[in-house]
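S.K.: Sharing start19.txt below, compact mmCIF, C-alpha atoms and all ligand atoms:
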# COMPACT_ATOMS: atom_id res chain seq x y z
CA MET A 1091 -3.71 26.67 0.30
CA THR A 1092 -0.51 25.18 1.65
CA LEU A 1093 -0.18 21.85 3.41
CA LEU A 1094 2.77 21.49 5.75
CA GLY A 1095 2.89 17.74 6.26
CA VAL A 1096 1.44 15.31 8.77
CA GLU A 1097 0.33 17.32 11.82
CA SER A 1098 -0.88 14.32 13.78
CA LEU A 1099 -0.97 10.56 13.38
CA ILE A 1100 -3.73 9.04 15.51
CA TYR A 1101 -3.64 5.33 16.25
CA GLY A 1102 -6.20 2.95 17.74
CA VAL A 1103 -4.30 0.17 19.54
CA ASP A 1104 -4.89 -3.03 21.52
CA ASP A 1105 -2.04 -2.84 24.02
CA LEU A 1106 -1.63 0.78 25.02
CA ASP A 1107 1.22 0.12 27.49
CA THR A 1108 3.37 -1.77 24.98
CA CYS A 1109 2.73 0.79 22.24
CA THR A 1110 3.58 3.62 24.63
CA ARG A 1111 6.81 1.90 25.61
CA PHE A 1112 7.69 1.42 21.93
CA TYR A 1113 7.42 5.11 21.11
CA GLU A 1114 9.18 6.13 24.35
CA ASP A 1115 12.05 3.77 23.45
CA PHE A 1116 11.97 5.11 19.88
CA GLY A 1117 12.77 8.55 21.26
CA LEU A 1118 9.51 10.47 20.97
CA GLU A 1119 8.91 12.99 23.75
CA PRO A 1120 5.82 12.17 25.88
CA ALA A 1121 3.38 15.08 25.99
CA ALA A 1122 0.42 13.53 27.86
CA LYS A 1123 -0.39 10.17 29.37
CA ALA A 1124 -3.69 8.85 30.73
CA SER A 1125 -5.29 5.46 31.16
CA ASP A 1126 -6.79 5.59 27.66
CA VAL A 1127 -4.37 7.72 25.62
CA SER A 1128 -0.65 8.48 25.23
CA ARG A 1129 0.42 11.51 23.29
CA PHE A 1130 3.88 12.43 21.97
CA ARG A 1131 5.04 15.72 20.53
CA LEU A 1132 7.91 16.17 18.08
CA PRO A 1133 10.11 19.28 17.94
CA GLU A 1134 8.40 20.44 14.71
CA GLY A 1135 5.08 20.52 16.65
CA SER A 1136 3.49 17.41 15.16
CA THR A 1137 2.02 14.74 17.42
CA VAL A 1138 1.55 10.99 17.63
CA ALA A 1139 -1.48 9.89 19.64
CA LEU A 1140 -2.13 6.34 20.84
CA HIS A 1141 -5.73 5.61 21.86
CA ARG A 1142 -7.31 2.39 22.97
CA ARG A 1143 -9.10 0.96 19.95
CA ASP A 1144 -12.53 1.25 21.54
CA ASP A 1145 -12.09 4.92 22.46
CA PRO A 1146 -15.37 6.57 21.30
CA ARG A 1147 -13.46 9.76 20.44
CA LEU A 1148 -11.77 7.98 17.54
CA PRO A 1149 -13.09 8.04 13.98
CA PRO A 1150 -14.44 4.65 12.83
CA PRO A 1151 -11.73 2.16 11.82
CA PHE A 1152 -10.79 1.91 8.15
CA LEU A 1153 -8.27 -0.91 8.71
CA ASP A 1154 -8.44 -4.32 10.36
CA GLY A 1155 -6.55 -4.58 13.64
CA PRO A 1156 -4.50 -1.92 15.39
CA GLY A 1157 -3.22 0.96 13.28
CA PRO A 1158 -3.86 4.54 12.27
CA ARG A 1159 -7.41 5.80 12.69
CA GLU A 1160 -6.75 9.22 11.21
CA VAL A 1161 -4.00 11.15 9.44
CA VAL A 1162 -4.31 14.85 10.24
CA TRP A 1163 -2.60 17.14 7.72
CA GLY A 1164 -1.28 20.51 8.83
CA VAL A 1165 -2.59 23.59 7.02
CA ASP A 1166 -0.76 26.92 6.97
CA SER A 1167 -3.64 29.24 7.94
CA GLN A 1168 -7.27 29.45 9.03
CA GLN A 1169 -8.10 31.03 5.67
CA SER A 1170 -6.61 28.03 3.85
CA LEU A 1171 -8.47 25.65 6.13
CA GLU A 1172 -11.80 27.34 5.42
CA ALA A 1173 -11.17 27.26 1.65
CA LEU A 1174 -10.34 23.58 1.95
CA VAL A 1175 -13.57 22.87 3.84
CA ARG A 1176 -15.63 24.71 1.19
CA ASP A 1177 -14.06 22.57 -1.52
CA LEU A 1178 -14.34 19.24 0.31
CA ARG A 1179 -18.00 19.86 1.18
CA ARG A 1180 -18.82 19.79 -2.53
CA ASP A 1181 -18.73 16.00 -2.55
CA ARG A 1182 -18.35 14.53 0.97
CA PRO A 1183 -19.44 14.93 4.58
CA VAL A 1184 -17.10 17.17 6.56
CA SER A 1185 -17.28 17.72 10.32
CA ILE A 1186 -15.54 20.45 12.32
CA GLU A 1187 -14.69 20.22 16.01
CA PRO A 1188 -14.92 23.20 18.37
CA ASP A 1189 -11.10 23.50 18.27
CA GLY A 1190 -11.28 23.87 14.48
CA THR A 1191 -10.05 20.39 13.53
CA VAL A 1192 -11.68 19.18 10.32
CA HIS A 1193 -12.54 15.53 9.68
CA CYS A 1194 -13.55 13.73 6.49
CA ARG A 1195 -12.57 10.75 4.34
CA ASP A 1196 -10.42 10.71 1.24
CA ASP A 1197 -11.49 8.93 -1.95
CA SER A 1198 -10.09 5.63 -0.61
CA GLU A 1199 -12.18 5.79 2.61
CA LEU A 1200 -9.12 6.64 4.67
CA CYS A 1201 -10.02 8.97 7.57
CA ILE A 1202 -8.16 12.23 7.20
CA GLY A 1203 -8.22 15.47 9.13
CA PHE A 1204 -6.92 19.01 8.79
CA ARG A 1205 -5.80 21.50 11.39
CA VAL A 1206 -3.94 24.81 11.34
CA PHE A 1207 -0.32 23.89 11.97
CA GLU A 1208 2.28 26.28 13.37
CA ARG A 1209 5.11 24.11 12.23
CA HIS A 1210 8.62 24.69 13.55
CA PRO A 1211 10.96 23.27 10.91
CA PRO A 1212 14.04 21.70 12.50
CA GLY A 1213 16.90 24.19 12.62
CA VAL A 1214 20.43 23.61 11.41
CA HIS A 1215 22.03 20.99 13.59
CA ASP A 1216 25.58 21.29 14.79
CA ALA A 1217 27.08 18.90 12.27
CA PRO A 1218 28.96 20.38 9.36
CA GLY A 1219 28.68 17.22 7.35
CA GLU A 1220 30.73 14.60 5.66
CA ASN A 1221 34.42 14.96 5.06
CA ASN A 1222 34.92 14.13 1.41
CA LEU A 1223 38.25 12.98 0.06
CA GLY A 1224 38.73 16.26 -1.77
CA GLN A 1225 36.63 18.60 0.38
CA VAL A 1226 37.14 18.72 4.14
CA LEU A 1227 34.16 20.19 6.01
CA ARG A 1228 35.44 19.32 9.51
CA TRP A 1229 38.94 20.43 10.44
CA ASN A 1230 40.12 19.60 13.97
CA ARG A 1231 36.72 18.43 15.17
CA HIS A 1232 34.78 15.21 15.38
CA ARG A 1233 31.23 14.47 14.25
CA LYS A 1234 28.29 15.31 16.48
CA TRP A 1235 27.83 12.66 19.17
CA TYR A 1236 24.34 11.50 20.16
CA GLU A 1237 23.29 9.97 23.48
CA ARG A 1238 20.03 8.78 21.98
CA ALA A 1239 17.81 9.35 18.95
CA ARG A 1240 15.23 12.12 19.20
CA PRO A 1241 13.15 12.23 15.99
CA LYS A 1242 12.50 15.82 14.93
CA GLN A 1243 9.62 15.57 12.47
CA ILE A 1244 7.20 13.26 10.71
CA ASN A 1245 8.59 12.74 7.23
CA HIS A 1246 5.91 10.65 5.58
CA VAL A 1247 3.18 8.04 5.85
CA VAL A 1248 2.69 5.11 3.48
CA PHE A 1249 -0.50 3.22 2.66
CA GLY A 1250 -1.38 0.45 0.24
CA LEU A 1251 -4.73 0.57 -1.58
CA PRO A 1252 -6.37 -0.81 -4.70
CA ASP A 1253 -6.92 2.30 -6.83
CA VAL A 1254 -3.79 4.43 -6.57
CA ASP A 1255 -4.67 6.59 -9.58
CA ARG A 1256 -7.96 7.64 -7.97
CA ALA A 1257 -6.19 8.39 -4.70
CA VAL A 1258 -3.44 10.38 -6.42
CA ALA A 1259 -6.07 12.40 -8.31
CA PHE A 1260 -7.60 13.37 -4.95
CA TYR A 1261 -4.34 14.31 -3.24
CA THR A 1262 -2.96 16.26 -6.22
CA GLY A 1263 -6.24 17.71 -7.52
CA ARG A 1264 -7.94 18.59 -4.23
CA LEU A 1265 -5.07 18.98 -1.75
CA GLY A 1266 -2.29 20.35 -3.94
CA PHE A 1267 0.20 17.51 -3.50
CA ARG A 1268 3.02 17.23 -6.07
CA VAL A 1269 3.95 13.88 -7.62
CA THR A 1270 7.70 13.49 -7.11
CA ASP A 1271 8.42 10.00 -8.49
CA ILE A 1272 6.60 6.88 -9.67
CA MET A 1273 7.58 3.29 -9.02
CA ARG A 1274 6.66 1.45 -12.20
CA GLY A 1275 3.23 -0.18 -11.90
CA PHE A 1276 3.43 -0.10 -8.10
CA GLY A 1277 3.25 3.26 -6.38
CA VAL A 1278 3.37 7.03 -6.44
CA PHE A 1279 5.41 9.38 -4.24
CA MET A 1280 3.97 12.79 -3.39
CA ARG A 1281 5.01 15.78 -1.32
CA CYS A 1282 2.87 18.48 0.23
CA ASP A 1283 3.02 21.84 -1.57
CA GLY A 1284 4.51 23.38 1.59
CA ARG A 1285 7.27 20.82 2.07
CA ASN A 1286 10.40 20.05 0.09
CA ASP A 1287 11.53 16.69 1.43
CA HIS A 1288 11.11 14.06 -1.29
CA HIS A 1289 7.77 12.65 -0.13
CA ASN A 1290 5.24 13.07 2.63
CA LEU A 1291 2.90 10.42 1.23
CA PHE A 1292 3.59 7.23 -0.71
CA LEU A 1293 0.66 5.21 -2.01
CA MET A 1294 1.26 1.72 -3.33
CA ARG A 1295 -1.04 -0.61 -5.21
CA LEU A 1296 -2.34 -3.43 -3.00
CA PRO A 1297 -5.61 -5.40 -3.08
CA ARG A 1298 -6.97 -3.67 0.04
CA LEU A 1299 -6.35 -0.66 2.24
CA VAL A 1300 -3.24 -1.34 4.34
CA PHE A 1301 -1.03 0.83 6.50
CA SER A 1302 2.65 0.31 5.75
CA HIS A 1303 4.62 2.74 7.90
CA VAL A 1304 5.30 6.18 9.28
CA SER A 1305 8.71 7.75 8.87
CA PHE A 1306 10.33 10.01 11.44
CA GLY A 1307 13.17 12.32 10.50
CA VAL A 1308 16.43 12.29 12.43
CA GLU A 1309 19.45 14.48 11.74
CA THR A 1310 22.14 12.13 10.51
CA ILE A 1311 23.07 8.51 10.01
CA ASP A 1312 24.69 8.66 13.46
CA GLU A 1313 21.42 9.60 15.19
CA LEU A 1314 19.63 6.98 13.09
CA MET A 1315 22.01 4.20 14.14
CA ILE A 1316 22.04 5.27 17.81
CA GLY A 1317 18.26 4.86 17.69
CA ALA A 1318 18.53 1.53 15.85
CA ASN A 1319 21.08 0.19 18.36
CA ASP A 1320 18.93 1.25 21.34
CA MET A 1321 15.81 -0.32 19.87
CA GLN A 1322 17.66 -3.58 19.17
CA ARG A 1323 18.96 -3.66 22.74
CA ARG A 1324 15.42 -3.17 24.03
CA GLY A 1325 14.15 -6.13 22.01
CA TRP A 1326 12.37 -4.36 19.15
CA THR A 1327 12.97 -5.92 15.76
CA SER A 1328 13.70 -4.85 12.21
CA GLU A 1329 13.09 -7.07 9.22
CA VAL A 1330 15.23 -5.22 6.69
CA GLY A 1331 17.72 -3.33 8.85
CA LEU A 1332 19.75 -0.39 7.64
CA GLY A 1333 19.73 0.70 4.04
CA ARG A 1334 19.39 3.58 1.62
CA HIS A 1335 16.60 4.00 -0.91
CA ARG A 1336 17.70 5.09 -4.37
CA ILE A 1337 14.42 7.00 -4.79
CA SER A 1338 14.64 9.98 -2.40
CA SER A 1339 18.16 8.95 -1.23
CA LEU A 1340 16.66 8.41 2.24
CA LEU A 1341 18.59 6.32 4.72
CA PHE A 1342 16.16 4.03 6.50
CA TYR A 1343 15.80 1.77 9.49
CA TYR A 1344 12.30 0.23 9.85
CA LEU A 1345 11.03 -1.29 13.08
CA ALA A 1346 7.95 -3.46 13.56
CA CYS A 1347 5.56 -1.25 15.55
CA PRO A 1348 3.02 -2.77 17.96
CA ALA A 1349 0.67 0.12 17.16
CA GLY A 1350 0.43 -1.12 13.55
CA GLY A 1351 2.72 -1.32 10.52
CA GLN A 1352 6.26 -0.11 10.96
CA ALA A 1353 7.93 2.99 12.33
CA GLU A 1354 10.97 4.22 10.45
CA TYR A 1355 13.95 6.35 11.34
CA SER A 1356 15.07 8.19 8.24
CA ALA A 1357 17.69 10.76 7.32
CA ASP A 1358 19.33 12.54 4.40
CA SER A 1359 16.37 13.02 2.04
CA ASP A 1360 16.66 14.65 -1.35
CA TYR A 1361 14.97 18.06 -1.26
CA LEU A 1362 12.84 19.10 -4.22
CA ASN A 1363 10.99 22.14 -5.47
CA ASP A 1364 8.61 22.73 -8.38
CA GLU A 1365 11.52 22.64 -10.84
CA TRP A 1366 11.90 18.92 -10.15
CA THR A 1367 11.03 16.52 -12.97
CA PRO A 1368 9.50 13.30 -11.62
CA ARG A 1369 11.04 10.01 -12.70
CA LEU A 1370 9.63 6.61 -13.49
CA TRP A 1371 11.59 3.93 -11.67
CA ASP A 1372 12.08 0.22 -12.07
CA MET A 1373 10.93 -1.11 -8.73
CA GLU A 1374 13.89 -2.85 -7.08
CA PHE A 1375 16.33 -0.40 -8.64
CA GLY A 1376 14.44 2.51 -7.13
CA HIS A 1377 13.71 0.86 -3.83
CA TYR A 1378 17.24 0.08 -2.72
CA HIS A 1379 20.57 1.73 -3.34
CA TRP A 1380 22.16 -0.57 -0.78
CA LEU A 1381 21.33 -2.64 2.27
CA ALA A 1382 23.59 -3.34 5.24
CA ALA A 1383 22.40 -6.96 5.22
CA PRO A 1384 21.94 -7.92 1.55
CA THR A 1385 18.82 -9.86 0.66
CA PRO A 1386 18.29 -11.94 -2.50
CA ASN A 1387 16.97 -8.70 -4.07
CA ALA A 1388 20.21 -6.82 -3.50
CA ARG A 1389 21.67 -7.65 -6.92
CA MET A 1390 18.40 -6.76 -8.69
CA ALA A 1391 18.50 -3.43 -6.92
CA ARG A 1392 21.61 -2.47 -8.91
CA LEU A 1393 19.97 -3.08 -12.28
CA GLY A 1394 17.33 -0.77 -13.63
CA VAL A 1395 16.22 2.44 -15.18
CA ALA A 1396 14.88 5.79 -14.03
CA GLU A 1397 13.19 7.77 -16.80
CA ARG A 1398 12.51 11.48 -16.49
CA LEU A 1399 8.81 12.21 -17.02
CA GLU A 1400 8.70 15.46 -18.94
CA GLY A 1401 5.01 15.43 -19.83
CA PRO A 1402 1.76 14.90 -17.95
CA MET A 1403 1.92 12.25 -15.25
CA PRO A 1404 0.93 8.83 -16.60
CA LYS A 1405 -1.65 6.62 -14.91
CA LEU A 1406 0.05 4.11 -12.66
CA ALA A 1407 -1.57 1.24 -14.55
CA ASP A 1408 0.02 2.52 -17.78
CA THR A 1409 3.52 2.36 -16.31
CA ALA A 1410 3.50 -1.37 -15.60
CA ARG A 1411 5.26 -2.42 -18.80
CA PRO A 1412 8.94 -3.44 -18.59
CA ALA A 1413 11.43 -0.66 -19.28
CA ALA A 1414 12.75 -2.48 -22.39
CA ALA A 1415 9.34 -2.12 -24.08
CA GLY A 1416 10.00 1.55 -24.72
CA LYS A 1417 10.29 4.90 -23.06
CA ALA A 1418 7.80 7.69 -22.70
CA PRO A 1419 8.23 10.46 -25.30
CA GLY A 1420 10.70 13.06 -24.12
CA SER A 1421 12.01 10.89 -21.31
CA GLN A 1422 15.65 10.46 -20.46
CA ALA A 1423 16.92 7.37 -18.74
CA GLN A 1424 19.42 7.00 -15.93
CA THR A 1425 20.53 3.40 -15.71
CA GLY A 1426 22.37 1.25 -13.23
CA GLY A 1427 24.09 -2.08 -13.48
CA HIS A 1428 27.18 -1.28 -15.53
CA SER A 1429 29.71 -1.94 -12.81
FE FE A 1501 9.53 5.35 4.39
Starting from the coordinates I provided, produce the structure as structure tokens.
Ligand SMILES: [Fe+2]
M.R.:
Amino acid sequence: MTLLGVESLIYGVDDLDTCTRFYEDFGLEPAAKASDVSRFRLPEGSTVALHRRDDPRLPPPFLDGPGPREVVWGVDSQQSLEALVRDLRRDRPVSIEPDGTVHCRDDSELCIGFRVFERHPPGVHDAPGENNLGQVLRWNRHRKWYERARPKQINHVVFGLPDVDRAVAFYTGRLGFRVTDIMRGFGVFMRCDGRNDHHNLFLMRLPRLVFSHVSFGVETIDELMIGANDMQRRGWTSEVGLGRHRISSLLFYYLACPAGGQAEYSADSDYLNDEWTPRLWDMEFGHYHWLAAPTPNARMARLGVAERLEGPMPKLADTARPAAAGKAPGSQAQTGGHS
């Protein structure tokens, strides 16, 4: 079985017009619009659907207020989908629609679905990259110019929930996700087995099930900032602004989303394969490499440790100790804060 990432994110919302305007302004391409639903399609083939919260076609809510009602994961083939259904039916109700879409709940009661996904990975964009001081990649030409941001793919979704270890066991053990990094005592990053961007799912430890955000991939920092500038001009707000995570290296720009949680432009992920060794990160150190508008946490973000986890993945609860208390056997540390 191979999972190819989020195939569809389905929201239940209060104010369909405002939510539709948000995602139009954000740069998603409208695919269908009716009085009770707006649908957007990204170039990779994934979709974002906005339904009125009381739409009877939606799965029951698992969150308070507006927000996602289902995360549909893309599967590489019908054969894989059928194998997945056989496995899931061992311990939970599974329903299948006439079009083949599968619905169930994960071990945290989050509604998830599965569908065969003919994904079209974004091609190489016409941007040869950064000119380095000692390596010039662009002679006699400027960088690619963007008129507006057009997100190309869904990078990841992020939820908070009480029992992260149980959730991780489900996604790795039943759905083949790979753990890519762990934020000490707080959360676990995972990627689908059919994707190589750093994470397609991040689960963080919170007292109750909460949706944090969905991340959309754009090509470069230029496309990201064109999108950020346009959204600012249209009155949409960002709490944190521009920055780069140290974990994953992703550039980010989060916007408060009226459909629930935040929507993020992101670019320049690390790409990983099965030779990658996950790391255990001090939280602030891993969270931020830098921020355009420094917060009180900005200094803390330069101090910390990332340990390579050579052995079996530890339980999240067992990683909560401070780094100074000792390292896991066989781990190597990368530290910051010496400048
Ligand atoms: Fe993100």
S.K.: Return as a list in words every polymer residue, whether protein, DNA or RNA, with at least one atom no more than 10 Å from an atom of ligand FE 1501 (chain A); count only C-alpha atoms and all ligand atoms.
M.R.: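 Residues satisfying the distance criterion: Asn1245, His1246, Val1247, Val1248, His1289, Asn1290, Leu1291, Phe1292, Ser1302, His1303, Val1304, Ser1305, Phe1306, Gly1307, His1335, Ser1338, Leu1340, Leu1341, Phe1342, Tyr1343, Tyr1344, Gln1352, Ala1353, Glu1354, Tyr1355 and Ser1356 of chain A.
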S.K.: Could you give me, as a compact mmCIF listing (two decimals) with C-alpha atoms, in the frame of the given file, the residues within 7 Å of A:Pro1158, counting all atoms listed in the file and dropping anything in the same chain fewer than 3 positions from it?
M.R.:
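Writing done, so here's out.txt:
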# COMPACT_ATOMS: atom_id res chain seq x y z
CA LEU A 1099 -0.97 10.56 13.38
CA ILE A 1100 -3.73 9.04 15.51
CA TYR A 1101 -3.64 5.33 16.25
CA GLY A 1102 -6.20 2.95 17.74
S.K.: Please give the centre and size of the box around stretch 1269-1287 of chain A (axis-aligned, containing every atom listed in the file, 8 Å added per side), with values in Å to one decimal and written as JSON.
M.R.:
{"center_x": 7.2, "center_y": 11.6, "center_z": -5.1, "size_x": 24.7, "size_y": 39.6, "size_z": 30.3}
S.K.: Taking only residues of stretch 1328-1347 of chain A that have an atom at most 12 Å from an atom of stretch 1387-1401 of chain A, what is each one's shortest atom pair and its distance in Å to one decimal, using all atoms listed in the file, in chain and number order, as a Markdown table?
M.R.:
| residue | atom | partner | partner_atom | distance |
| --- | --- | --- | --- | --- |
| A:Val1330 | CA | A:Asn1387 | CA | 11.4 |
| A:Gly1333 | CA | A:Ala1388 | CA | 10.7 |
| A:Arg1334 | CA | A:Ala1391 | CA | 11.1 |
| A:His1335 | CA | A:Ala1391 | CA | 9.7 |
| A:Arg1336 | CA | A:Ala1391 | CA | 8.9 |
| A:Ile1337 | CA | A:Ala1396 | CA | 9.3 |
S.K.: Kindly give the distance, in Å, that separates atom CA of A:Phe1112 and atom CA of A:Asp1216, rounded to a single decimal.
M.R.: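 Between these atoms lies a distance of 27.7 Å.
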S.K.: For a test of reading the model, state the distance in Å between atom CA of A:Gly1266 and atom CA of A:Glu1172, rounded to one decimal.
M.R.: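 Computed distance, atom CA of A:Gly1266 to atom CA of A:Glu1172, equals 15.1 Å.
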S.K.: With all atoms listed in the file as the counted atoms, please give the residues lying no more than 12 Å from A:Leu1362, apart from itself and same-chain residues fewer than 4 positions off, as a list in words.
M.R.: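 Within the cut-off, the hits are Arg1268, Val1269, Thr1270, Asp1271, Met1280, Arg1281, Cys1282, Asp1283, Gly1284, Arg1285, Asn1286, Asp1287, His1288, His1289, Asn1290, Ser1338, Ser1339, Trp1366, Thr1367 and Pro1368 of chain A.
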S.K.: Using only C-alpha atoms, please write the residues we just selected to a file, as an mmCIF file, keeping the file's coordinate frame.
M.R.:
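Output file result-v1.cif is given in full below:
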data_model
loop_
_atom_site.group_PDB
_atom_site.id
_atom_site.type_symbol
_atom_site.label_atom_id
_atom_site.label_comp_id
_atom_site.auth_asym_id
_atom_site.auth_seq_id
_atom_site.Cartn_x
_atom_site.Cartn_y
_atom_site.Cartn_z
ATOM 1 C CA ARG A 1268 3.020 17.230 -6.070
ATOM 2 C CA VAL A 1269 3.950 13.880 -7.620
ATOM 3 C CA THR A 1270 7.700 13.490 -7.110
ATOM 4 C CA ASP A 1271 8.420 10.000 -8.490
ATOM 5 C CA MET A 1280 3.970 12.790 -3.390
ATOM 6 C CA ARG A 1281 5.010 15.780 -1.320
ATOM 7 C CA CYS A 1282 2.870 18.480 0.230
ATOM 8 C CA ASP A 1283 3.020 21.840 -1.570
ATOM 9 C CA GLY A 1284 4.510 23.380 1.590
ATOM 10 C CA ARG A 1285 7.270 20.820 2.070
ATOM 11 C CA ASN A 1286 10.400 20.050 0.090
ATOM 12 C CA ASP A 1287 11.530 16.690 1.430
ATOM 13 C CA HIS A 1288 11.110 14.060 -1.290
ATOM 14 C CA HIS A 1289 7.770 12.650 -0.130
ATOM 15 C CA ASN A 1290 5.240 13.070 2.630
ATOM 16 C CA SER A 1338 14.640 9.980 -2.400
ATOM 17 C CA SER A 1339 18.160 8.950 -1.230
ATOM 18 C CA TRP A 1366 11.900 18.920 -10.150
ATOM 19 C CA THR A 1367 11.030 16.520 -12.970
ATOM 20 C CA PRO A 1368 9.500 13.300 -11.620
#
S.K.: Can you measure atom CA of A:Glu1187 to atom CA of A:Lys1242 for me? One decimal in Å is fine.
M.R.: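 So the answer is 27.6 Å.
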S.K.: Tell me which protein, DNA and RNA residues are within 7 Å of stretch 1315-1317 of chain A, counting only C-alpha atoms, leaving out same-chain ones fewer than 5 positions away, and put them as a PyMOL selection string.
M.R.: chain A and resi 1116+1238-1239
S.K.: Next, the residues of the selection above should be written as a PDB file, in the frame of the given file with C-alpha atoms.
M.R.:
ATOM      1  CA  PHE A1116      11.970   5.110  19.880  1.00  0.00           C
ATOM      2  CA  ARG A1238      20.030   8.780  21.980  1.00  0.00           C
ATOM      3  CA  ALA A1239      17.810   9.350  18.950  1.00  0.00           C
TER       4      ALA A1239
END
S.K.: Using only C-alpha atoms, determine which residues lie at most 7 Å from A:Arg1142, disregarding the query and same-chain residues fewer than 6 positions distant; provide the list as an NGL selection string.
M.R.: :A and (1102-1104 or 1106 or 1126-1127)
S.K.: Show which residues sit within 8 Å of A:Phe1204, as a JSON list (two decimals) with C-alpha atoms, keeping the file's coordinate frame. Count only C-alpha atoms, and ignore same-chain residues fewer than 4 positions away.
M.R.:
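This went into result-v4.json:
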[["chain", "number", "residue", "atom", "x", "y", "z"],
["A", 1162, "VAL", "CA", -4.31, 14.85, 10.24],
["A", 1163, "TRP", "CA", -2.60, 17.14, 7.72],
["A", 1164, "GLY", "CA", -1.28, 20.51, 8.83],
["A", 1165, "VAL", "CA", -2.59, 23.59, 7.02],
["A", 1171, "LEU", "CA", -8.47, 25.65, 6.13],
["A", 1191, "THR", "CA", -10.05, 20.39, 13.53],
["A", 1192, "VAL", "CA", -11.68, 19.18, 10.32],
["A", 1193, "HIS", "CA", -12.54, 15.53, 9.68]]
S.K.: Identify the residues around (2.1, -2.0, -14.5) within a radius of 7 Å, measuring from all atoms listed in the file in the coordinates stated by the file, and give them as JSON, numbers by chain.
M.R.: {"A": [1274, 1275, 1276, 1406, 1407, 1408, 1409, 1410, 1411]}
S.K.: Closest to A:Ile1272 among A:Trp1326, A:Tyr1236, A:His1377, A:Arg1111, using all atoms listed in the file?
M.R.: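 Counting all atoms listed in the file, the residue closest to A:Ile1272 is A:His1377.
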